Amino acid sequence: MNSERATFALRIAFSAAAAVLILAGASLNATGRDTTGIELAGAAGLLALAAGASVRHWRFAAPLGLASVVLTLVLAQFNLQQSDLLLQLAGLALLGIGGGLGEIAYRSFGRAIHAQFEQLRGLSGQLAEKHRAFLAATSDVDAAHAPDTTAVTAGIAGNVGADFACCYLTSADGRRFVPQPPGIGVERLRPQAVNRPHGSAGPLLTAIEQRTPFAAADENGLLELISYLPEDFHLQSLIAVPMPIGDHIGGFVVLGRTAGPFTDDDKRLAATLSARAGGQMASAHLVALTRQESARYSLMNELVKEASGKTMNEVLALVLGRGSEVIRYDAGRALMFQGGNTYAVLDGANSASEPVDGALTRVREGETMLRNLVTEDEGIYSGLHPAQFGGTINEALTPIRSKSGVIGALCLGRRGASGFSQQDISALEDLGSMAGVAVENSRILQVVTGQASRLDTALDALGEVSQALTTVTEGPRVLEQKTLETAVRVTMGTAGLLTRASEEGNQVAIMSVGFSAGVEGMEFQNGQGLIGAVMLSLSAIAVPDVAASFDLSSPPDLLGSGLHSAICTPMLEDGRLWGTLSVFDTKKREWETDDQRVLATLGNQGVVAVRNAELYERNQRSIWELKNLQEALQAATSTLDLNQVLQQVLAGAAKASSAQIGCLALEDSGRLVMKGGFGTDHTTAERLALVLGGDICRRVMASGEAVMEAMVQDAGADSPLKPRAVLCVPIRLRGTPLGVLFLANYQVGHAFTSDHRDLVTELAAQAAVAIDNARLFKDREEVILAALEALANAVDARDPYTAGHSERVTQYALMIARQMHYSPNDQQAWVRLERGGRLHDIG
């Protein structure tokens, strides 16, 4: 920097000196000149200046200098004695020296300016090269087209000015670098794939594995890639730049130049373009994978939609039918692995189990197996047979995966020489995954559909039971039947059993579905079978395999009834065991939590519904009984006629207790006298009550307590007229027995209840007052009638002609009434007729 400044200062000094000399010389040259002489002196000065400027060329400088001197002498008229001549000649000399110094300064400045110009031109060329590299490195990528190796190689070679270029990419297994045709200038070289280095390797591949560029001065650097180089193939420069794709080396690009070396900018540009090409390829690969994945999921969605509602066999047939969209094959079958290391082919033709061996063992472990050139002797799983005897086919066996692991295999077959390769494994595994997902979704859909159906059924059943909570007119028996049938239907069982607590604390089977008739009425104690276990635990018990739970298999005898699984839940009322609800199945079965919840809900709702129905039924019964009691008492108290009172009391008691036969007997002189019958004639009623039931009536009269019995009948010894149920109630007034009400039923299942007993007892107690009143009225009426008859007889006896008149009139009136069929059903009308005849004379 200091030398440049010194040189520049020297140039300025020379220029200044030249200017001073020229100025001084011009002044001296003009000394003593007139106007005309000035112009000629100026010309002479110019000649002297030109002579000094061309001093390097003496052939021009000497004549010019001599010409300036001669011109000056001419102006002096060759008078050497002129006083100004020496000054004028000195001025010419100074002009010549100034011209020489000016020429030196000019030439120095010219050389400096030229050097600066050349430097600027070089910088401009460098900037243009860097601009070209910048444009190449930052040019927009054509997103509409995926990059290919041909375009990448040609682009990099063109931008760095390479005469030779070849692109190598990593193989699918990542073990080798494979050259990508066509390349540039590689026609005679025939590059081959090279193994990636493991340990010792040449400088080129080592640099690539280290992700650094490689440079060589000649073609010998290619010997790692190309084993033979022609003798006339020469390079003056060679570089290799890695092509990173993601986080690994996706390949590299080799570039060569036959004339001149690669500059550092060329190397940097090649590395940049190679890295960008790797990014583009990675993006293109990602886009391709995304499209492939999108197509896969699209196919998966279509399979799921089409598989909706289909069985597993239909789903796998659908997958095999659509699977050719993922990979080509000529035939295919699906097989499912089973227990005992066996499998079954799902083709509808052969469902027999076969042992898993050979290639299927590895498939069951999750490996995809490729079997090329397989003969029938080696075993063919895909169902594809060779075209000719002794021929071969190609097979691929890929596992069907689900959440629980490998559940089966897809067996695909191809004919011809084109077998399955490692590149097909990804597509095969995708197809196996599709099959697994489709099967899993089909199973889930079937389960969900089944659960939805069961839920709908359960909701309907719960709706029916809930409706029964407010609509209890159907009766408890109907509700019990609905609860049991709904439980069997909702859980998709085969049989069901409903029990209810007895007074002794045991459970009695009151209703069954799918059992023999002998099960109903069976009694269960604590710890006896499944129901006894629920009685102890007060919690639901599910038995998936009855044979494995011997203690719970009986009673009832489940295995004997062909039932192999069971579930029983308690029916609780205010924390107490009201009954149990059980469902059974003919096959072994894992009962789900939903089954227990549904049964528990049905059982609890059923208890409430049945209890409400029973309460409603009892209330209705009480209302009906009270109504009958009221009607009977009203009827009994509406008349003072003893016979009518007795008949009304008997009819009311029979109606209130739903009795078929009824008798009313009153005590007379220590014995019971039949006073009325219901349901049959008087004689039959008297025989049934006082003969067959005489002991019961006498016991009631003696004890004053009602007797209610259900008679056990011996078909071989007892009379068919012996009643099945008897109710005998005393008629008491102020502690004194007046008689009995005897009621009987002859049909099975029509026993009297405590409600019947209480109702008839109350009716008898109220009727005793009416009977006593009627007796008193009858006694008084008989006294009055006897007095009137005595009066009438006295009147008739006053005259012999009228003696017996009233009696004869009465007899005649009764004879005429009988001939006229007068009131055959109204006994009181005959009584009034008779009394009117006897008393007609006295009013």
# chains A, B, ... in the order shown; residues from 1 in each chain; ligands from 1
$ select_by_dssp --residues "stretch 159-238 of chain A" --states "helix (DSSP H, G or I)" --output "PDB file with N, CA, C and O atoms, in the first residue's frame"
ATOM      1  N   ASN A 159     -24.424 -26.602 -15.194  1.00  0.00           N
ATOM      2  CA  ASN A 159     -24.144 -25.418 -14.381  1.00  0.00           C
ATOM      3  C   ASN A 159     -22.682 -25.313 -13.964  1.00  0.00           C
ATOM      4  O   ASN A 159     -22.166 -24.211 -13.776  1.00  0.00           O
ATOM      5  N   VAL A 160     -22.007 -26.460 -13.808  1.00  0.00           N
ATOM      6  CA  VAL A 160     -20.591 -26.395 -13.402  1.00  0.00           C
ATOM      7  C   VAL A 160     -19.655 -26.585 -14.592  1.00  0.00           C
ATOM      8  O   VAL A 160     -18.428 -26.565 -14.412  1.00  0.00           O
ATOM      9  N   PRO A 203     -10.898 -43.518  -1.205  1.00  0.00           N
ATOM     10  CA  PRO A 203     -11.120 -42.133  -0.777  1.00  0.00           C
ATOM     11  C   PRO A 203     -12.442 -41.556  -1.255  1.00  0.00           C
ATOM     12  O   PRO A 203     -13.061 -40.763  -0.552  1.00  0.00           O
ATOM     13  N   LEU A 204     -12.906 -41.945  -2.432  1.00  0.00           N
ATOM     14  CA  LEU A 204     -14.143 -41.374  -2.949  1.00  0.00           C
ATOM     15  C   LEU A 204     -15.333 -41.805  -2.091  1.00  0.00           C
ATOM     16  O   LEU A 204     -16.105 -40.966  -1.602  1.00  0.00           O
ATOM     17  N   LEU A 205     -15.498 -43.112  -1.908  1.00  0.00           N
ATOM     18  CA  LEU A 205     -16.650 -43.597  -1.135  1.00  0.00           C
ATOM     19  C   LEU A 205     -16.543 -43.198   0.329  1.00  0.00           C
ATOM     20  O   LEU A 205     -17.564 -42.942   0.987  1.00  0.00           O
ATOM     21  N   THR A 206     -15.323 -43.131   0.858  1.00  0.00           N
ATOM     22  CA  THR A 206     -15.159 -42.686   2.240  1.00  0.00           C
ATOM     23  C   THR A 206     -15.630 -41.246   2.406  1.00  0.00           C
ATOM     24  O   THR A 206     -16.327 -40.901   3.375  1.00  0.00           O
ATOM     25  N   ALA A 207     -15.224 -40.390   1.447  1.00  0.00           N
ATOM     26  CA  ALA A 207     -15.655 -38.991   1.514  1.00  0.00           C
ATOM     27  C   ALA A 207     -17.173 -38.884   1.401  1.00  0.00           C
ATOM     28  O   ALA A 207     -17.811 -38.092   2.114  1.00  0.00           O
ATOM     29  N   ILE A 208     -17.776 -39.695   0.544  1.00  0.00           N
ATOM     30  CA  ILE A 208     -19.239 -39.659   0.389  1.00  0.00           C
ATOM     31  C   ILE A 208     -19.921 -40.089   1.673  1.00  0.00           C
ATOM     32  O   ILE A 208     -20.891 -39.461   2.129  1.00  0.00           O
ATOM     33  N   GLU A 209     -19.436 -41.166   2.319  1.00  0.00           N
ATOM     34  CA  GLU A 209     -20.041 -41.621   3.560  1.00  0.00           C
ATOM     35  C   GLU A 209     -19.888 -40.586   4.666  1.00  0.00           C
ATOM     36  O   GLU A 209     -20.715 -40.500   5.567  1.00  0.00           O
ATOM     37  N   GLU A 219      -8.583 -38.860 -14.097  1.00  0.00           N
ATOM     38  CA  GLU A 219      -9.638 -39.868 -14.149  1.00  0.00           C
ATOM     39  C   GLU A 219      -9.385 -41.051 -13.240  1.00  0.00           C
ATOM     40  O   GLU A 219     -10.281 -41.899 -13.046  1.00  0.00           O
ATOM     41  N   ASN A 220      -8.236 -41.161 -12.636  1.00  0.00           N
ATOM     42  CA  ASN A 220      -7.949 -42.320 -11.780  1.00  0.00           C
ATOM     43  C   ASN A 220      -8.841 -42.356 -10.540  1.00  0.00           C
ATOM     44  O   ASN A 220      -8.969 -43.394  -9.897  1.00  0.00           O
ATOM     45  N   GLY A 221      -9.426 -41.231 -10.191  1.00  0.00           N
ATOM     46  CA  GLY A 221     -10.335 -41.240  -9.064  1.00  0.00           C
ATOM     47  C   GLY A 221     -11.594 -42.059  -9.298  1.00  0.00           C
ATOM     48  O   GLY A 221     -12.332 -42.357  -8.348  1.00  0.00           O
ATOM     49  N   LEU A 222     -11.836 -42.428 -10.567  1.00  0.00           N
ATOM     50  CA  LEU A 222     -13.036 -43.226 -10.890  1.00  0.00           C
ATOM     51  C   LEU A 222     -12.824 -44.717 -10.708  1.00  0.00           C
ATOM     52  O   LEU A 222     -13.775 -45.493 -10.899  1.00  0.00           O
ATOM     53  N   LEU A 223     -11.598 -45.138 -10.390  1.00  0.00           N
ATOM     54  CA  LEU A 223     -11.325 -46.573 -10.323  1.00  0.00           C
ATOM     55  C   LEU A 223     -12.128 -47.268  -9.223  1.00  0.00           C
ATOM     56  O   LEU A 223     -12.318 -48.479  -9.280  1.00  0.00           O
ATOM     57  N   GLU A 224     -12.604 -46.542  -8.219  1.00  0.00           N
ATOM     58  CA  GLU A 224     -13.474 -47.153  -7.198  1.00  0.00           C
ATOM     59  C   GLU A 224     -14.844 -47.496  -7.758  1.00  0.00           C
ATOM     60  O   GLU A 224     -15.541 -48.362  -7.228  1.00  0.00           O
TER      61      GLU A 224
END
$ residues_around --residues "A:Gly475" --least-positions-apart "3" --cutoff "12 Å" --atoms "only C-alpha atoms" --output "ChimeraX atom specification"
/A:468-469,471-472,478-482,609-618,620-621
$ write_last_selection --atoms "N, CA, C and O atoms" --output "short mmCIF file (atom, residue, chain, number, x, y, z; two decimals), in the first residue's frame"
data_model
loop_
_atom_site.label_atom_id
_atom_site.label_comp_id
_atom_site.auth_asym_id
_atom_site.auth_seq_id
_atom_site.Cartn_x
_atom_site.Cartn_y
_atom_site.Cartn_z
N ALA A 468 -95.12 -50.82 32.91
CA ALA A 468 -95.89 -51.62 33.87
C ALA A 468 -95.86 -51.02 35.26
O ALA A 468 -96.72 -51.31 36.09
N LEU A 469 -94.85 -50.18 35.55
CA LEU A 469 -94.80 -49.54 36.85
C LEU A 469 -95.99 -48.62 37.06
O LEU A 469 -96.42 -48.37 38.18
N THR A 471 -98.75 -48.85 34.74
CA THR A 471 -99.91 -49.58 34.21
C THR A 471 -99.82 -50.99 34.76
O THR A 471 -99.18 -51.86 34.18
N VAL A 472 -100.42 -51.23 35.89
CA VAL A 472 -100.25 -52.49 36.61
C VAL A 472 -101.46 -53.40 36.46
O VAL A 472 -101.62 -54.35 37.22
N VAL A 478 -98.25 -61.93 34.48
CA VAL A 478 -97.87 -61.48 33.14
C VAL A 478 -96.55 -60.72 33.19
O VAL A 478 -95.68 -60.89 32.33
N LEU A 479 -96.37 -59.88 34.20
CA LEU A 479 -95.13 -59.12 34.32
C LEU A 479 -93.95 -60.03 34.61
O LEU A 479 -92.85 -59.81 34.10
N GLU A 480 -94.15 -61.04 35.43
CA GLU A 480 -93.07 -62.01 35.68
C GLU A 480 -92.67 -62.72 34.39
O GLU A 480 -91.49 -62.91 34.10
N GLN A 481 -93.68 -63.09 33.60
CA GLN A 481 -93.39 -63.75 32.34
C GLN A 481 -92.66 -62.81 31.37
O GLN A 481 -91.70 -63.21 30.72
N LYS A 482 -93.11 -61.56 31.31
CA LYS A 482 -92.43 -60.59 30.45
C LYS A 482 -90.98 -60.37 30.88
O LYS A 482 -90.07 -60.30 30.05
N ALA A 609 -92.16 -53.66 39.38
CA ALA A 609 -93.38 -53.81 38.60
C ALA A 609 -94.29 -54.88 39.18
O ALA A 609 -95.51 -54.69 39.32
N VAL A 610 -93.70 -56.04 39.55
CA VAL A 610 -94.51 -57.13 40.09
C VAL A 610 -95.12 -56.74 41.43
O VAL A 610 -96.30 -57.00 41.70
N ARG A 611 -94.31 -56.10 42.27
CA ARG A 611 -94.84 -55.69 43.57
C ARG A 611 -95.97 -54.67 43.40
O ARG A 611 -96.98 -54.73 44.11
N ASN A 612 -95.80 -53.75 42.48
CA ASN A 612 -96.87 -52.79 42.23
C ASN A 612 -98.11 -53.48 41.69
O ASN A 612 -99.25 -53.14 42.05
N ALA A 613 -97.89 -54.46 40.79
CA ALA A 613 -99.03 -55.19 40.25
C ALA A 613 -99.73 -55.98 41.35
O ALA A 613 -100.97 -56.05 41.39
N GLU A 614 -98.94 -56.59 42.22
CA GLU A 614 -99.55 -57.34 43.33
C GLU A 614 -100.30 -56.39 44.26
O GLU A 614 -101.41 -56.72 44.72
N LEU A 615 -99.71 -55.26 44.55
CA LEU A 615 -100.40 -54.29 45.39
C LEU A 615 -101.68 -53.80 44.73
O LEU A 615 -102.74 -53.69 45.38
N TYR A 616 -101.58 -53.56 43.44
CA TYR A 616 -102.77 -53.13 42.71
C TYR A 616 -103.82 -54.23 42.73
O TYR A 616 -105.03 -53.96 42.92
N GLU A 617 -103.36 -55.46 42.52
CA GLU A 617 -104.30 -56.57 42.50
C GLU A 617 -104.98 -56.76 43.87
O GLU A 617 -106.19 -57.00 43.95
N ARG A 618 -104.15 -56.62 44.94
CA ARG A 618 -104.74 -56.74 46.27
C ARG A 618 -105.72 -55.60 46.54
O ARG A 618 -106.79 -55.82 47.13
N GLN A 620 -107.39 -53.92 44.31
CA GLN A 620 -108.59 -54.18 43.53
C GLN A 620 -109.43 -55.28 44.16
O GLN A 620 -110.66 -55.20 44.19
N ARG A 621 -108.71 -56.30 44.66
CA ARG A 621 -109.43 -57.40 45.31
C ARG A 621 -110.14 -56.89 46.57
O ARG A 621 -111.31 -57.26 46.83
#
$ residues_around --residues "A:Cys166" --least-positions-apart "4" --cutoff "10 Å" --atoms "only C-alpha atoms" --output "PyMOL selection string"
chain A and resi 149-150+152-154+157+179-186+191+240+252-256
$ write_last_selection --atoms "N, CA, C and O atoms" --output "PDB file, in the first residue's frame"
ATOM      1  N   THR A 149     -33.425 -38.474 -12.200  1.00  0.00           N
ATOM      2  CA  THR A 149     -31.965 -38.456 -12.166  1.00  0.00           C
ATOM      3  C   THR A 149     -31.367 -37.916 -13.452  1.00  0.00           C
ATOM      4  O   THR A 149     -30.308 -37.280 -13.433  1.00  0.00           O
ATOM      5  N   THR A 150     -32.019 -38.133 -14.576  1.00  0.00           N
ATOM      6  CA  THR A 150     -31.489 -37.614 -15.845  1.00  0.00           C
ATOM      7  C   THR A 150     -31.456 -36.091 -15.829  1.00  0.00           C
ATOM      8  O   THR A 150     -30.427 -35.466 -16.161  1.00  0.00           O
ATOM      9  N   VAL A 152     -31.586 -34.171 -13.148  1.00  0.00           N
ATOM     10  CA  VAL A 152     -30.677 -33.720 -12.091  1.00  0.00           C
ATOM     11  C   VAL A 152     -29.233 -33.761 -12.567  1.00  0.00           C
ATOM     12  O   VAL A 152     -28.463 -32.792 -12.400  1.00  0.00           O
ATOM     13  N   THR A 153     -28.825 -34.858 -13.168  1.00  0.00           N
ATOM     14  CA  THR A 153     -27.443 -34.998 -13.639  1.00  0.00           C
ATOM     15  C   THR A 153     -27.120 -33.961 -14.699  1.00  0.00           C
ATOM     16  O   THR A 153     -26.069 -33.299 -14.645  1.00  0.00           O
ATOM     17  N   ALA A 154     -27.999 -33.809 -15.691  1.00  0.00           N
ATOM     18  CA  ALA A 154     -27.760 -32.830 -16.758  1.00  0.00           C
ATOM     19  C   ALA A 154     -27.727 -31.412 -16.209  1.00  0.00           C
ATOM     20  O   ALA A 154     -26.908 -30.580 -16.642  1.00  0.00           O
ATOM     21  N   ALA A 157     -24.346 -30.888 -14.258  1.00  0.00           N
ATOM     22  CA  ALA A 157     -23.229 -30.845 -15.206  1.00  0.00           C
ATOM     23  C   ALA A 157     -23.235 -29.560 -16.010  1.00  0.00           C
ATOM     24  O   ALA A 157     -22.180 -28.946 -16.255  1.00  0.00           O
ATOM     25  N   PRO A 179     -25.759 -46.912 -10.181  1.00  0.00           N
ATOM     26  CA  PRO A 179     -25.706 -45.824 -11.173  1.00  0.00           C
ATOM     27  C   PRO A 179     -27.046 -45.681 -11.882  1.00  0.00           C
ATOM     28  O   PRO A 179     -27.724 -46.671 -12.168  1.00  0.00           O
ATOM     29  N   GLN A 180     -27.396 -44.419 -12.165  1.00  0.00           N
ATOM     30  CA  GLN A 180     -28.669 -44.134 -12.815  1.00  0.00           C
ATOM     31  C   GLN A 180     -28.410 -43.683 -14.252  1.00  0.00           C
ATOM     32  O   GLN A 180     -27.779 -42.651 -14.489  1.00  0.00           O
ATOM     33  N   PRO A 181     -28.828 -44.456 -15.232  1.00  0.00           N
ATOM     34  CA  PRO A 181     -28.607 -44.062 -16.636  1.00  0.00           C
ATOM     35  C   PRO A 181     -29.481 -42.859 -16.976  1.00  0.00           C
ATOM     36  O   PRO A 181     -30.460 -42.579 -16.268  1.00  0.00           O
ATOM     37  N   PRO A 182     -29.137 -42.088 -18.067  1.00  0.00           N
ATOM     38  CA  PRO A 182     -28.022 -42.399 -18.994  1.00  0.00           C
ATOM     39  C   PRO A 182     -26.710 -41.734 -18.606  1.00  0.00           C
ATOM     40  O   PRO A 182     -25.656 -42.157 -19.037  1.00  0.00           O
ATOM     41  N   GLY A 183     -26.701 -40.657 -17.829  1.00  0.00           N
ATOM     42  CA  GLY A 183     -25.479 -39.951 -17.500  1.00  0.00           C
ATOM     43  C   GLY A 183     -24.966 -39.117 -18.683  1.00  0.00           C
ATOM     44  O   GLY A 183     -25.609 -39.026 -19.750  1.00  0.00           O
ATOM     45  N   ILE A 184     -23.799 -38.531 -18.508  1.00  0.00           N
ATOM     46  CA  ILE A 184     -23.173 -37.705 -19.563  1.00  0.00           C
ATOM     47  C   ILE A 184     -21.733 -38.178 -19.750  1.00  0.00           C
ATOM     48  O   ILE A 184     -20.948 -38.200 -18.786  1.00  0.00           O
ATOM     49  N   GLY A 185     -21.413 -38.576 -20.983  1.00  0.00           N
ATOM     50  CA  GLY A 185     -20.053 -39.010 -21.288  1.00  0.00           C
ATOM     51  C   GLY A 185     -19.676 -40.340 -20.689  1.00  0.00           C
ATOM     52  O   GLY A 185     -18.480 -40.622 -20.497  1.00  0.00           O
ATOM     53  N   VAL A 186     -20.653 -41.183 -20.352  1.00  0.00           N
ATOM     54  CA  VAL A 186     -20.353 -42.475 -19.703  1.00  0.00           C
ATOM     55  C   VAL A 186     -20.667 -43.653 -20.622  1.00  0.00           C
ATOM     56  O   VAL A 186     -20.723 -44.782 -20.153  1.00  0.00           O
ATOM     57  N   PRO A 191     -20.735 -48.002 -16.037  1.00  0.00           N
ATOM     58  CA  PRO A 191     -20.587 -48.060 -14.566  1.00  0.00           C
ATOM     59  C   PRO A 191     -21.483 -49.143 -13.976  1.00  0.00           C
ATOM     60  O   PRO A 191     -22.582 -49.401 -14.463  1.00  0.00           O
ATOM     61  N   ALA A 240     -16.666 -35.422  -6.753  1.00  0.00           N
ATOM     62  CA  ALA A 240     -17.848 -36.224  -6.383  1.00  0.00           C
ATOM     63  C   ALA A 240     -18.489 -35.558  -5.168  1.00  0.00           C
ATOM     64  O   ALA A 240     -17.807 -35.309  -4.167  1.00  0.00           O
ATOM     65  N   PHE A 252     -24.833 -39.948  -4.699  1.00  0.00           N
ATOM     66  CA  PHE A 252     -23.846 -38.906  -4.972  1.00  0.00           C
ATOM     67  C   PHE A 252     -23.788 -38.683  -6.471  1.00  0.00           C
ATOM     68  O   PHE A 252     -24.295 -39.495  -7.274  1.00  0.00           O
ATOM     69  N   VAL A 253     -23.137 -37.575  -6.864  1.00  0.00           N
ATOM     70  CA  VAL A 253     -22.978 -37.217  -8.268  1.00  0.00           C
ATOM     71  C   VAL A 253     -21.487 -37.065  -8.546  1.00  0.00           C
ATOM     72  O   VAL A 253     -20.767 -36.358  -7.803  1.00  0.00           O
ATOM     73  N   VAL A 254     -20.995 -37.742  -9.625  1.00  0.00           N
ATOM     74  CA  VAL A 254     -19.599 -37.664 -10.052  1.00  0.00           C
ATOM     75  C   VAL A 254     -19.532 -36.757 -11.284  1.00  0.00           C
ATOM     76  O   VAL A 254     -20.282 -36.956 -12.244  1.00  0.00           O
ATOM     77  N   LEU A 255     -18.620 -35.763 -11.249  1.00  0.00           N
ATOM     78  CA  LEU A 255     -18.483 -34.795 -12.334  1.00  0.00           C
ATOM     79  C   LEU A 255     -17.023 -34.744 -12.765  1.00  0.00           C
ATOM     80  O   LEU A 255     -16.104 -34.809 -11.922  1.00  0.00           O
ATOM     81  N   GLY A 256     -16.805 -34.649 -14.053  1.00  0.00           N
ATOM     82  CA  GLY A 256     -15.445 -34.554 -14.588  1.00  0.00           C
ATOM     83  C   GLY A 256     -15.347 -33.505 -15.672  1.00  0.00           C
ATOM     84  O   GLY A 256     -16.328 -33.201 -16.371  1.00  0.00           O
TER      85      GLY A 256
END
$ atom_distance --atom1 "atom CA of A:Leu558" --atom2 "atom CA of A:Ala600"
21.6 Å
$ residues_around --residues "stretch 514-530 of chain A" --least-positions-apart "3" --cutoff "8 Å" --atoms "only C-alpha atoms" --output "ChimeraX atom specification"
/A:494-496,506-511,533-536,541,551-556,561,568
$ select_by_dssp --residues "stretch 544-599 of chain A" --states "strand (DSSP E)" --output "PyMOL selection string"
chain A and resi 565-573+576-585
$ write_last_selection --atoms "N, CA, C and O atoms" --output "JSON list (two decimals), in the first residue's frame"
[["chain", "number", "residue", "atom", "x", "y", "z"],
["A", 565, "SER", "N", -73.63, -72.88, 29.87],
["A", 565, "SER", "CA", -73.21, -71.60, 30.47],
["A", 565, "SER", "C", -74.43, -70.96, 31.12],
["A", 565, "SER", "O", -75.57, -71.22, 30.71],
["A", 566, "ALA", "N", -74.17, -70.13, 32.15],
["A", 566, "ALA", "CA", -75.29, -69.57, 32.90],
["A", 566, "ALA", "C", -74.86, -68.26, 33.52],
["A", 566, "ALA", "O", -73.68, -68.00, 33.76],
["A", 567, "ILE", "N", -75.86, -67.43, 33.78],
["A", 567, "ILE", "CA", -75.66, -66.18, 34.52],
["A", 567, "ILE", "C", -76.90, -65.95, 35.37],
["A", 567, "ILE", "O", -78.03, -66.14, 34.91],
["A", 568, "CYS", "N", -76.69, -65.60, 36.63],
["A", 568, "CYS", "CA", -77.80, -65.42, 37.57],
["A", 568, "CYS", "C", -77.57, -64.13, 38.34],
["A", 568, "CYS", "O", -76.45, -63.85, 38.79],
["A", 569, "THR", "N", -78.61, -63.33, 38.48],
["A", 569, "THR", "CA", -78.52, -62.07, 39.21],
["A", 569, "THR", "C", -79.62, -62.01, 40.24],
["A", 569, "THR", "O", -80.73, -62.50, 40.02],
["A", 570, "PRO", "N", -79.34, -61.43, 41.42],
["A", 570, "PRO", "CA", -80.38, -61.35, 42.45],
["A", 570, "PRO", "C", -81.38, -60.24, 42.13],
["A", 570, "PRO", "O", -81.04, -59.24, 41.51],
["A", 571, "MET", "N", -82.61, -60.44, 42.57],
["A", 571, "MET", "CA", -83.66, -59.43, 42.46],
["A", 571, "MET", "C", -83.94, -58.94, 43.87],
["A", 571, "MET", "O", -84.49, -59.69, 44.70],
["A", 572, "LEU", "N", -83.53, -57.70, 44.14],
["A", 572, "LEU", "CA", -83.56, -57.17, 45.50],
["A", 572, "LEU", "C", -84.72, -56.20, 45.67],
["A", 572, "LEU", "O", -85.07, -55.46, 44.76],
["A", 573, "GLU", "N", -85.29, -56.24, 46.88],
["A", 573, "GLU", "CA", -86.34, -55.30, 47.26],
["A", 573, "GLU", "C", -85.99, -54.74, 48.63],
["A", 573, "GLU", "O", -86.00, -55.47, 49.63],
["A", 576, "ARG", "N", -83.39, -56.64, 50.47],
["A", 576, "ARG", "CA", -83.69, -58.04, 50.76],
["A", 576, "ARG", "C", -83.88, -58.80, 49.46],
["A", 576, "ARG", "O", -84.33, -58.25, 48.46],
["A", 577, "LEU", "N", -83.55, -60.10, 49.51],
["A", 577, "LEU", "CA", -83.65, -60.94, 48.33],
["A", 577, "LEU", "C", -85.10, -61.27, 48.05],
["A", 577, "LEU", "O", -85.74, -62.00, 48.81],
["A", 578, "TRP", "N", -85.62, -60.71, 46.98],
["A", 578, "TRP", "CA", -87.00, -60.99, 46.56],
["A", 578, "TRP", "C", -87.06, -62.24, 45.70],
["A", 578, "TRP", "O", -88.00, -63.02, 45.77],
["A", 579, "GLY", "N", -86.04, -62.42, 44.83],
["A", 579, "GLY", "CA", -85.99, -63.57, 43.94],
["A", 579, "GLY", "C", -84.69, -63.54, 43.15],
["A", 579, "GLY", "O", -83.78, -62.76, 43.40],
["A", 580, "THR", "N", -84.59, -64.41, 42.15],
["A", 580, "THR", "CA", -83.42, -64.46, 41.27],
["A", 580, "THR", "C", -83.88, -64.54, 39.82],
["A", 580, "THR", "O", -84.96, -65.08, 39.53],
["A", 581, "LEU", "N", -83.04, -64.02, 38.92],
["A", 581, "LEU", "CA", -83.31, -64.05, 37.49],
["A", 581, "LEU", "C", -82.10, -64.69, 36.81],
["A", 581, "LEU", "O", -80.98, -64.18, 36.92],
["A", 582, "SER", "N", -82.32, -65.81, 36.15],
["A", 582, "SER", "CA", -81.23, -66.58, 35.55],
["A", 582, "SER", "C", -81.47, -66.78, 34.07],
["A", 582, "SER", "O", -82.61, -66.96, 33.62],
["A", 583, "VAL", "N", -80.36, -66.75, 33.31],
["A", 583, "VAL", "CA", -80.39, -67.02, 31.87],
["A", 583, "VAL", "C", -79.32, -68.07, 31.58],
["A", 583, "VAL", "O", -78.22, -68.03, 32.13],
["A", 584, "PHE", "N", -79.64, -69.00, 30.68],
["A", 584, "PHE", "CA", -78.75, -70.11, 30.36],
["A", 584, "PHE", "C", -78.57, -70.19, 28.85],
["A", 584, "PHE", "O", -79.40, -69.71, 28.07],
["A", 585, "ASP", "N", -77.44, -70.82, 28.44],
["A", 585, "ASP", "CA", -77.16, -70.99, 27.01],
["A", 585, "ASP", "C", -76.67, -72.41, 26.77],
["A", 585, "ASP", "O", -76.05, -73.03, 27.65]]
$ residues_around --residues "stretch 352-361 of chain A" --least-positions-apart "3" --cutoff "12 Å" --atoms "only C-alpha atoms" --output "VMD selection string"
chain A and resid 335 to 349 364 to 371 374 378 to 381 395 to 400 406 to 411
$ residues_around --residues "A:Ser703" --least-positions-apart "5" --cutoff "12 Å" --atoms "only C-alpha atoms" --output "list in words"
Ile696, Cys697, Arg698, Cys728, Val729, Pro730, Ile731, Arg732, Gly735, Thr736, Pro737 and Val740 of chain A
$ atom_distance --atom1 "atom CA of A:Gly161" --atom2 "atom CA of A:Thr272"
14.8 Å
$ residues_around --residues "A:Gly749" --least-positions-apart "3" --cutoff "10 Å" --atoms "only C-alpha atoms" --output "list of chain:residue names"
A:Ala710, A:Arg724, A:Ala725, A:Asn745, A:Tyr746, A:Phe752
